[in-house]
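Visitor: Supplied structure: structure26.pdb, PDB, C-alpha atoms.
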ATOM      1  CA  MET U   1      11.445 -39.468  -6.784
ATOM      2  CA  GLU U   2       9.003 -36.801  -5.683
ATOM      3  CA  ARG U   3       9.009 -33.673  -7.860
ATOM      4  CA  ARG U   4       9.931 -30.287  -6.469
ATOM      5  CA  LYS U   5       7.038 -28.278  -5.139
ATOM      6  CA  ASN U   6       5.796 -25.440  -7.353
ATOM      7  CA  ILE U   7       4.811 -22.262  -5.525
ATOM      8  CA  GLY U   8       2.901 -19.758  -7.635
ATOM      9  CA  PHE U   9       2.856 -16.000  -7.009
ATOM     10  CA  LEU U  10      -0.200 -14.445  -8.643
ATOM     11  CA  THR U  11       0.146 -10.688  -8.964
ATOM     12  CA  GLY U  12      -0.537  -7.708 -11.207
ATOM     13  CA  GLY U  13       2.075  -5.606 -12.970
ATOM     14  CA  ILE U  14       5.513  -6.937 -12.084
ATOM     15  CA  MET U  15       7.358  -3.676 -12.743
ATOM     16  CA  ASP U  16       6.107  -1.638  -9.773
ATOM     17  CA  GLU U  17       8.300  -1.216  -6.715
ATOM     18  CA  MET U  18       6.069  -3.061  -4.252
ATOM     19  CA  THR U  19       5.688  -6.170  -6.435
ATOM     20  CA  LYS U  20       9.427  -6.278  -7.039
ATOM     21  CA  ASP U  21      10.000  -6.181  -3.269
ATOM     22  CA  LEU U  22       7.390  -8.882  -2.659
ATOM     23  CA  CYS U  23       9.130 -11.077  -5.246
ATOM     24  CA  THR U  24      12.488 -10.388  -3.600
ATOM     25  CA  GLY U  25      11.181 -11.398  -0.182
ATOM     26  CA  ILE U  26       9.542 -14.568  -1.491
ATOM     27  CA  LEU U  27      12.659 -15.614  -3.400
ATOM     28  CA  GLU U  28      14.989 -14.870  -0.477
ATOM     29  CA  GLU U  29      12.944 -16.960   1.934
ATOM     30  CA  ALA U  30      12.352 -19.729  -0.618
ATOM     31  CA  ALA U  31      16.098 -20.060  -1.203
ATOM     32  CA  ARG U  32      16.204 -22.163   1.977
ATOM     33  CA  ASP U  33      13.850 -24.736   0.439
ATOM     34  CA  ASP U  34      13.964 -27.062  -2.548
ATOM     35  CA  VAL U  35      11.035 -25.482  -4.401
ATOM     36  CA  ASN U  36      10.248 -23.683  -7.649
ATOM     37  CA  ILE U  37       8.832 -20.134  -7.510
ATOM     38  CA  ILE U  38       6.641 -19.264 -10.490
ATOM     39  CA  THR U  39       5.547 -15.628 -10.866
ATOM     40  CA  LEU U  40       2.194 -15.364 -12.650
ATOM     41  CA  PRO U  41       1.401 -11.781 -13.741
ATOM     42  CA  ILE U  42      -2.224 -11.364 -14.801
ATOM     43  CA  LYS U  43      -2.441  -7.558 -14.704
ATOM     44  CA  TYR U  44      -5.832  -6.504 -13.357
ATOM     45  CA  ILE U  45      -8.971  -8.625 -13.428
ATOM     46  CA  TYR U  46     -12.230  -7.339 -14.933
ATOM     47  CA  ARG U  47     -10.512  -4.263 -16.307
ATOM     48  CA  ASP U  48     -12.304  -2.090 -18.873
ATOM     49  CA  MET U  49      -9.980  -2.334 -21.884
ATOM     50  CA  SER U  50     -11.914   0.083 -24.109
ATOM     51  CA  LEU U  51      -9.569   2.999 -23.330
ATOM     52  CA  SER U  52      -6.371   1.016 -22.869
ATOM     53  CA  PRO U  53      -3.442   1.888 -25.161
ATOM     54  CA  ASN U  54      -2.741  -1.854 -25.310
ATOM     55  CA  PRO U  55      -6.016  -3.666 -26.126
ATOM     56  CA  TYR U  56      -4.262  -7.030 -25.854
ATOM     57  CA  GLU U  57      -3.617  -6.726 -22.107
ATOM     58  CA  TYR U  58      -6.664  -8.900 -21.508
ATOM     59  CA  GLN U  59      -4.509 -11.863 -22.546
ATOM     60  CA  TYR U  60      -2.642 -11.643 -19.243
ATOM     61  CA  GLN U  61      -5.732 -13.059 -17.583
ATOM     62  CA  THR U  62      -5.495 -16.260 -19.618
ATOM     63  CA  VAL U  63      -2.611 -17.240 -17.311
ATOM     64  CA  VAL U  64      -5.221 -18.114 -14.686
ATOM     65  CA  GLU U  65      -6.548 -20.880 -16.920
ATOM     66  CA  LEU U  66      -3.147 -22.586 -16.740
ATOM     67  CA  ILE U  67      -3.177 -22.784 -12.935
ATOM     68  CA  THR U  68      -4.203 -26.251 -11.744
ATOM     69  CA  ALA U  69      -3.719 -28.389  -8.648
ATOM     70  CA  GLU U  70      -1.484 -30.623 -10.781
ATOM     71  CA  ASN U  71       1.094 -27.900 -11.514
ATOM     72  CA  ILE U  72       0.817 -25.528  -8.519
ATOM     73  CA  ASP U  73       1.086 -26.800  -4.938
ATOM     74  CA  VAL U  74       0.468 -23.507  -3.102
ATOM     75  CA  LEU U  75      -0.586 -20.156  -4.540
ATOM     76  CA  ILE U  76       0.457 -16.795  -3.045
ATOM     77  CA  VAL U  77      -2.021 -14.168  -4.249
ATOM     78  CA  SER U  78      -1.626 -10.386  -4.164
ATOM     79  CA  ALA U  79      -5.395 -10.033  -4.336
ATOM     80  CA  ASP U  80      -5.703  -6.278  -3.802
ATOM     81  CA  CYS U  81      -3.203  -5.695  -6.605
ATOM     82  CA  ILE U  82      -4.930  -7.819  -9.228
ATOM     83  CA  GLY U  83      -8.374  -6.599  -8.136
ATOM     84  CA  CYS U  84      -7.636  -2.881  -7.794
ATOM     85  CA  VAL U  85      -9.843  -1.874 -10.757
ATOM     86  CA  THR U  86     -12.856  -3.987  -9.922
ATOM     87  CA  THR U  87     -15.370  -4.348  -7.091
ATOM     88  CA  SER U  88     -14.850  -6.312  -3.899
ATOM     89  CA  GLU U  89     -17.722  -8.606  -4.939
ATOM     90  CA  LYS U  90     -16.043  -9.503  -8.231
ATOM     91  CA  LEU U  91     -12.684  -9.950  -6.511
ATOM     92  CA  ASN U  92     -14.235 -12.299  -3.960
ATOM     93  CA  SER U  93     -15.862 -14.261  -6.790
ATOM     94  CA  PHE U  94     -12.507 -14.509  -8.570
ATOM     95  CA  MET U  95     -10.820 -15.744  -5.386
ATOM     96  CA  ASP U  96     -13.544 -18.346  -4.905
ATOM     97  CA  SER U  97     -12.929 -19.600  -8.461
ATOM     98  CA  LEU U  98      -9.266 -20.085  -7.562
ATOM     99  CA  LYS U  99     -10.209 -21.882  -4.368
ATOM    100  CA  GLU U 100     -12.380 -24.281  -6.342
ATOM    101  CA  LYS U 101      -9.235 -25.480  -8.123
ATOM    102  CA  GLY U 102      -8.251 -27.177  -4.863
ATOM    103  CA  ILE U 103      -4.998 -25.249  -4.426
ATOM    104  CA  PRO U 104      -4.075 -23.897  -0.950
ATOM    105  CA  ILE U 105      -3.991 -20.081  -1.072
ATOM    106  CA  ILE U 106      -2.003 -17.546   0.943
ATOM    107  CA  LEU U 107      -2.875 -13.864   0.556
ATOM    108  CA  VAL U 108      -0.157 -11.209   0.645
ATOM    109  CA  ALA U 109      -0.779  -7.489   1.253
ATOM    110  CA  SER U 110      -4.507  -8.284   1.278
ATOM    111  CA  ARG U 111      -7.219  -9.494   3.632
ATOM    112  CA  ILE U 112     -10.324 -11.416   2.570
ATOM    113  CA  ASP U 113     -12.540 -13.397   4.924
ATOM    114  CA  GLY U 114     -11.915 -17.119   4.645
ATOM    115  CA  TYR U 115      -8.349 -16.829   3.323
ATOM    116  CA  PRO U 116      -5.164 -16.921   5.436
ATOM    117  CA  GLY U 117      -2.418 -14.459   4.691
ATOM    118  CA  VAL U 118      -0.084 -11.671   5.720
ATOM    119  CA  SER U 119      -0.697  -7.927   5.478
ATOM    120  CA  TYR U 120       0.540  -4.619   6.848
ATOM    121  CA  ASP U 121      -0.524  -2.982  10.071
ATOM    122  CA  ASN U 122      -1.724  -0.005   8.040
ATOM    123  CA  LYS U 123      -3.085   2.017  10.930
ATOM    124  CA  ALA U 124      -0.153   2.330  13.333
ATOM    125  CA  GLY U 125       2.068   4.597  11.252
ATOM    126  CA  VAL U 126      -0.783   6.867  10.173
ATOM    127  CA  LEU U 127      -2.029   7.196  13.751
ATOM    128  CA  ASP U 128       1.473   8.146  14.918
ATOM    129  CA  GLY U 129       1.861  10.693  12.130
ATOM    130  CA  ILE U 130      -1.379  12.490  12.912
ATOM    131  CA  LYS U 131      -0.618  12.311  16.631
ATOM    132  CA  TYR U 132       2.635  14.130  15.926
ATOM    133  CA  LEU U 133       0.893  16.809  13.846
ATOM    134  CA  VAL U 134      -1.690  17.479  16.558
ATOM    135  CA  GLU U 135       0.210  16.968  19.808
ATOM    136  CA  ASN U 136       3.686  18.177  18.807
ATOM    137  CA  LEU U 137       2.911  20.786  16.173
ATOM    138  CA  GLY U 138      -0.541  21.882  17.347
ATOM    139  CA  LEU U 139      -2.175  21.523  13.908
ATOM    140  CA  LYS U 140      -5.930  21.135  13.448
ATOM    141  CA  ASN U 141      -6.734  21.545   9.760
ATOM    142  CA  ILE U 142      -5.624  18.193   8.363
ATOM    143  CA  CYS U 143      -6.722  16.888   4.950
ATOM    144  CA  MET U 144      -6.333  13.511   3.268
ATOM    145  CA  ILE U 145      -5.932  12.261  -0.286
ATOM    146  CA  THR U 146      -7.107   8.666  -0.465
ATOM    147  CA  SER U 147      -7.640   6.233  -3.332
ATOM    148  CA  ALA U 148     -10.697   4.993  -5.189
ATOM    149  CA  ASP U 149      -9.728   1.334  -4.829
ATOM    150  CA  HIS U 150     -11.268  -0.891  -2.153
ATOM    151  CA  SER U 151      -8.050  -2.522  -0.970
ATOM    152  CA  THR U 152      -7.245  -3.409   2.619
ATOM    153  CA  ASP U 153      -4.410  -0.881   2.614
ATOM    154  CA  THR U 154      -6.558   2.018   1.410
ATOM    155  CA  THR U 155      -9.456   1.243   3.739
ATOM    156  CA  GLU U 156      -7.328   0.904   6.868
ATOM    157  CA  ARG U 157      -5.226   4.006   6.177
ATOM    158  CA  TYR U 158      -8.376   6.067   5.681
ATOM    159  CA  ASP U 159      -9.900   4.572   8.840
ATOM    160  CA  ALA U 160      -6.783   5.639  10.776
ATOM    161  CA  TYR U 161      -7.324   9.206   9.540
ATOM    162  CA  THR U 162     -10.990   9.317  10.597
ATOM    163  CA  GLU U 163     -10.243   7.677  13.959
ATOM    164  CA  SER U 164      -7.534  10.249  14.677
ATOM    165  CA  MET U 165      -9.759  13.170  13.722
ATOM    166  CA  GLU U 166     -12.496  11.872  16.018
ATOM    167  CA  LYS U 167     -10.017  11.263  18.836
ATOM    168  CA  TYR U 168      -8.825  14.882  18.777
ATOM    169  CA  GLY U 169     -12.277  16.362  18.185
ATOM    170  CA  LEU U 170     -11.313  17.678  14.746
ATOM    171  CA  GLU U 171     -13.794  18.248  11.962
ATOM    172  CA  ILE U 172     -14.236  15.417   9.456
ATOM    173  CA  HIS U 173     -15.722  17.068   6.398
ATOM    174  CA  HIS U 174     -15.993  15.842   2.817
ATOM    175  CA  GLU U 175     -14.169  18.968   1.671
ATOM    176  CA  LYS U 176     -11.086  17.794   3.565
ATOM    177  CA  VAL U 177     -10.885  14.457   1.738
ATOM    178  CA  THR U 178     -10.423  13.794  -1.958
ATOM    179  CA  VAL U 179     -10.342  10.473  -3.793
ATOM    180  CA  SER U 180      -7.758  10.023  -6.510
ATOM    181  CA  SER U 181      -5.826   7.571  -8.609
ATOM    182  CA  PRO U 182      -3.325   5.756  -6.349
ATOM    183  CA  SER U 183      -0.445   6.905  -8.549
ATOM    184  CA  SER U 184       1.390  10.150  -9.170
ATOM    185  CA  TYR U 185      -1.003  10.855 -12.083
ATOM    186  CA  CYS U 186      -3.362  12.691  -9.765
ATOM    187  CA  ILE U 187      -2.345  16.313 -10.203
ATOM    188  CA  LYS U 188      -5.942  17.515 -10.610
ATOM    189  CA  ASN U 189      -6.959  15.840  -7.345
ATOM    190  CA  CYS U 190      -4.080  17.529  -5.531
ATOM    191  CA  GLU U 191      -5.014  20.883  -7.044
ATOM    192  CA  ASP U 192      -8.611  20.285  -6.014
ATOM    193  CA  ILE U 193      -7.886  19.663  -2.334
ATOM    194  CA  LEU U 194      -5.706  22.781  -2.127
ATOM    195  CA  ASP U 195      -8.364  24.860  -3.900
ATOM    196  CA  ARG U 196     -11.055  23.634  -1.498
ATOM    197  CA  ASN U 197      -8.841  24.014   1.577
ATOM    198  CA  PRO U 198      -6.651  27.113   1.137
ATOM    199  CA  ASP U 199      -6.000  27.168   4.894
ATOM    200  CA  THR U 200      -5.001  23.501   5.192
ATOM    201  CA  GLU U 201      -2.051  22.865   7.500
ATOM    202  CA  ALA U 202      -1.275  19.251   6.577
ATOM    203  CA  ILE U 203      -2.110  16.650   3.941
ATOM    204  CA  ILE U 204      -2.004  12.912   4.630
ATOM    205  CA  CYS U 205      -1.472  10.922   1.416
ATOM    206  CA  ILE U 206      -2.439   7.293   0.958
ATOM    207  CA  ASN U 207       1.012   6.584  -0.523
ATOM    208  CA  ASP U 208       4.290   8.240  -1.517
ATOM    209  CA  SER U 209       3.284   8.507  -5.186
ATOM    210  CA  ILE U 210       0.400  10.806  -4.326
ATOM    211  CA  ALA U 211       2.642  12.751  -1.933
ATOM    212  CA  SER U 212       5.000  13.305  -4.867
ATOM    213  CA  ALA U 213       2.141  14.822  -6.861
ATOM    214  CA  VAL U 214       1.281  17.064  -3.900
ATOM    215  CA  TYR U 215       4.875  18.324  -3.934
ATOM    216  CA  THR U 216       4.572  19.158  -7.642
ATOM    217  CA  VAL U 217       1.364  21.137  -7.170
ATOM    218  CA  MET U 218       2.689  22.956  -4.104
ATOM    219  CA  GLN U 219       5.867  23.961  -5.869
ATOM    220  CA  GLU U 220       3.861  25.297  -8.817
ATOM    221  CA  ARG U 221       2.081  27.512  -6.280
ATOM    222  CA  ASN U 222       5.291  28.598  -4.561
ATOM    223  CA  LEU U 223       4.424  26.610  -1.451
ATOM    224  CA  VAL U 224       7.148  24.730   0.425
ATOM    225  CA  PRO U 225       6.340  21.261   1.832
ATOM    226  CA  GLY U 226       7.138  21.248   5.534
ATOM    227  CA  LYS U 227       7.002  25.006   5.845
ATOM    228  CA  ASP U 228       3.694  26.084   4.337
ATOM    229  CA  ILE U 229       1.913  22.719   4.484
ATOM    230  CA  LYS U 230       3.037  19.508   6.188
ATOM    231  CA  VAL U 231       2.926  16.440   3.893
ATOM    232  CA  MET U 232       2.965  12.752   4.782
ATOM    233  CA  GLY U 233       3.110   9.705   2.511
ATOM    234  CA  PHE U 234       3.068   5.951   3.064
ATOM    235  CA  ASP U 235       5.429   3.170   1.847
ATOM    236  CA  ASN U 236       8.870   4.772   2.390
ATOM    237  CA  SER U 237       9.441   4.146  -1.314
ATOM    238  CA  VAL U 238      12.420   4.903  -3.533
ATOM    239  CA  GLN U 239      10.300   7.536  -5.285
ATOM    240  CA  GLY U 240       9.540   9.211  -1.966
ATOM    241  CA  SER U 241      13.198   9.154  -0.918
ATOM    242  CA  MET U 242      14.092  11.293  -3.933
ATOM    243  CA  LEU U 243      11.795  14.161  -2.933
ATOM    244  CA  SER U 244      13.118  17.420  -1.533
ATOM    245  CA  PRO U 245      12.406  18.415   1.209
ATOM    246  CA  SER U 246      12.631  14.842   2.496
ATOM    247  CA  LEU U 247       9.217  13.203   2.824
ATOM    248  CA  THR U 248       7.719  12.160   6.154
ATOM    249  CA  THR U 249       6.196   8.751   5.521
ATOM    250  CA  VAL U 250       5.351   5.352   6.983
ATOM    251  CA  ASP U 251       7.872   2.573   6.521
ATOM    252  CA  ALA U 252       6.150  -0.540   5.179
ATOM    253  CA  ASP U 253       8.618  -3.272   4.271
ATOM    254  CA  ALA U 254       7.273  -5.255   1.285
ATOM    255  CA  ILE U 255      10.340  -7.521   1.294
ATOM    256  CA  SER U 256       9.450  -8.614   4.826
ATOM    257  CA  LEU U 257       5.880  -9.114   3.661
ATOM    258  CA  GLY U 258       7.110 -11.427   0.903
ATOM    259  CA  ARG U 259       9.295 -13.379   3.307
ATOM    260  CA  ARG U 260       6.429 -13.859   5.742
ATOM    261  CA  SER U 261       4.100 -15.060   2.982
ATOM    262  CA  PHE U 262       6.539 -17.811   2.022
ATOM    263  CA  SER U 263       7.079 -18.757   5.659
ATOM    264  CA  MET U 264       3.323 -19.429   5.760
ATOM    265  CA  VAL U 265       3.652 -21.524   2.603
ATOM    266  CA  ARG U 266       6.312 -23.582   4.364
ATOM    267  CA  LEU U 267       3.982 -24.209   7.289
ATOM    268  CA  LEU U 268       1.232 -25.327   4.910
ATOM    269  CA  LEU U 269       3.577 -27.739   3.146
ATOM    270  CA  ASP U 270       4.579 -29.146   6.543
ATOM    271  CA  GLY U 271       0.937 -29.842   7.359
ATOM    272  CA  TRP U 272       0.249 -26.956   9.744
ATOM    273  CA  ASN U 273      -2.889 -24.824   9.780
ATOM    274  CA  VAL U 274      -2.220 -21.130   9.171
ATOM    275  CA  GLY U 275      -4.219 -17.997   9.903
ATOM    276  CA  ASN U 276      -3.503 -14.304   9.477
ATOM    277  CA  MET U 277      -0.297 -12.452  10.236
ATOM    278  CA  THR U 278       0.442  -8.717  10.387
ATOM    279  CA  VAL U 279       3.730  -7.015   9.534
ATOM    280  CA  PRO U 280       4.346  -3.833  11.569
ATOM    281  CA  THR U 281       4.799  -0.372  10.061
ATOM    282  CA  SER U 282       6.517   2.657  11.568
ATOM    283  CA  PHE U 283       6.227   6.434  11.357
ATOM    284  CA  VAL U 284       9.296   8.058   9.745
ATOM    285  CA  LEU U 285       9.731  11.754  10.627
ATOM    286  CA  ARG U 286      11.433  13.886   7.993
ATOM    287  CA  ASP U 287      11.588  17.453   6.694
ATOM    288  CA  SER U 288       8.089  17.603   5.201
ATOM    289  CA  PHE U 289       6.872  17.981   8.794
ATOM    290  CA  GLY U 290       9.145  20.950   9.386
ATOM    291  CA  SER U 291      12.681  20.642  10.834
ATOM    292  CA  LEU U 292      15.290  23.005   9.402
ATOM    293  CA  LEU U 293      12.688  24.660   7.216
ATOM    294  CA  ASP U 294      11.111  26.254  10.271
ATOM    295  CA  SER U 295      14.286  26.469  12.379
ATOM    296  CA  GLU U 296      13.523  23.403  14.478
ATOM    297  CA  ASP U 297      15.714  20.360  14.951
ATOM    298  CA  VAL U 298      14.104  17.291  13.428
ATOM    299  CA  TYR U 299      16.297  14.946  15.446
ATOM    300  CA  ASP U 300      15.276  16.473  18.782
ATOM    301  CA  ARG U 301      11.627  16.207  17.837
ATOM    302  CA  SER U 302      12.038  12.641  16.654
ATOM    303  CA  GLU U 303      13.602  11.652  19.992
ATOM    304  CA  GLU U 304      10.784  13.404  21.845
ATOM    305  CA  HIS U 305       8.219  11.431  19.853
ATOM    306  CA  THR U 306      10.018   8.132  20.380
ATOM    307  CA  SER U 307      10.284   8.610  24.154
ATOM    308  CA  GLU U 308       6.523   9.027  24.592
TER     309      GLU U 308
END
Would you mind writing the file out in structure tokens?

Guide:
Amino acid sequence: MERRKNIGFLTGGIMDEMTKDLCTGILEEAARDDVNIITLPIKYIYRDMSLSPNPYEYQYQTVVELITAENIDVLIVSADCIGCVTTSEKLNSFMDSLKEKGIPIILVASRIDGYPGVSYDNKAGVLDGIKYLVENLGLKNICMITSADHSTDTTERYDAYTESMEKYGLEIHHEKVTVSSPSSYCIKNCEDILDRNPDTEAIICINDSIASAVYTVMQERNLVPGKDIKVMGFDNSVQGSMLSPSLTTVDADAISLGRRSFSMVRLLLDGWNVGNMTVPTSFVLRDSFGSLLDSEDVYDRSEEHTSE
């Protein structure tokens, strides 16, 4: 009797919201098949542990040594997650070492040449958000807080910002962009961009966590998101949904991403060749772009945007 197939999911920290949603999507889709799903958390590869409060975190990486073609049939890899603290060259080298094990690999929420996988359409929602700021609200002074990592998500979201600024003939200046930690622990970066741009009209954040930090800094300065400065995040996360005023963001469904990654696994197991797939994102208009805070009706404006 042939053994059940073992599908590995190689990821970083398993407690963050996105990874939980990816796991949920993979498990939901895999429930239709007679397979085992094995989550393999390795934290972050090539991480400098000298300042870590837990110097034993390096042991997570030993999990990789246990992955072989004899015990894993297909490997789903969240490459940008596990490689977020290293260089793209080292991440590519790590991926090549996995490939040498002879295990078929599917990337999720990442894109690397030579590897099939599924990722977000990171640009669409950002482009729509900036279009709304410029064409509907008439704003021109738009800043961005991006991240220091080299992930597909970060790169494409930043590219959408620069493309939009060029499209509308708006100034792209280094003073308008700051690079921060991708988490809410970026208060100093948020303070910095406000200090350098006291007349900024809007701030595009690479994710909802950074947008949350922007809210904190604005409130400390008696500034109201949506009234004094428009704020936009990305992810449509639980953290973002708890902010007040409600946060304009981009809906990116990680559960759908997980489902799609396993659907590609299924094709591989059935002998099909697979390529790259993109999951759509959508602009979500909320109060941090105005609405009741400036005596306008957010629902009317949302319908106007949708009908374009």

Visitor: Nearest residue to U:Val35 out of U:Thr19, U:Ser151, U:Ser78, U:Asn6, using all atoms listed in the file?

Guide: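 Comparing U:Thr19, U:Ser151, U:Ser78, U:Asn6 against U:Val35, the winner is U:Asn6.
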
Visitor: Compare U:Gly125, U:Glu191, U:Ile142, U:Pro198 by their minimum atom-to-atom distance to U:Gly233, counting all atoms listed in the file, and give me the closest one.

Guide: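 Selected residue with least distance to U:Gly233: U:Gly125.
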
Visitor: Can you tell me, as an MDAnalysis selection string, what residues are no more than 12 Å from stretch 212-216 of chain U when counting only C-alpha atoms, ignoring any on the same chain fewer than 6 positions away?

Guide: chainID U and resid 143:145 180:194 202:206 222:226 228:234 236:249 288

Visitor: Between atom CA of U:Asp80 and atom CA of U:Arg266, what is the distance, to one decimal in Å?

Guide: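 Going from atom CA of U:Asp80 over to atom CA of U:Arg266 covers 22.6 Å.
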
Visitor: Might you pull out every residue within 8 Å of U:Tyr161, with all atoms listed in the file counted and same-chain residues fewer than 5 positions away left off, and present them as a PyMOL selection string?

Guide: chain U and resi 126-127+130+144

Visitor: Using atom CA of U:Asp16 and atom CA of U:Leu267 as the two end points, give the distance in Å to one decimal.

Guide: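 Distance reported for this atom pair: 28.4 Å.
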
Visitor: Applied to the shown file, which residues does the PyMOL selection byres ((chain U and resi 76) around 12) return, written as a ChimeraX atom specification?

Guide: /U:6-11,22-23,26,37-41,72-75,77-79,95,98-99,103-110,115-118,257-266,268

Visitor: What does the distance between atom CA of U:Glu100 and atom CA of U:Ala69 come to in Å, to one decimal place?

Guide: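 Interatomic distance here is 9.9 Å.
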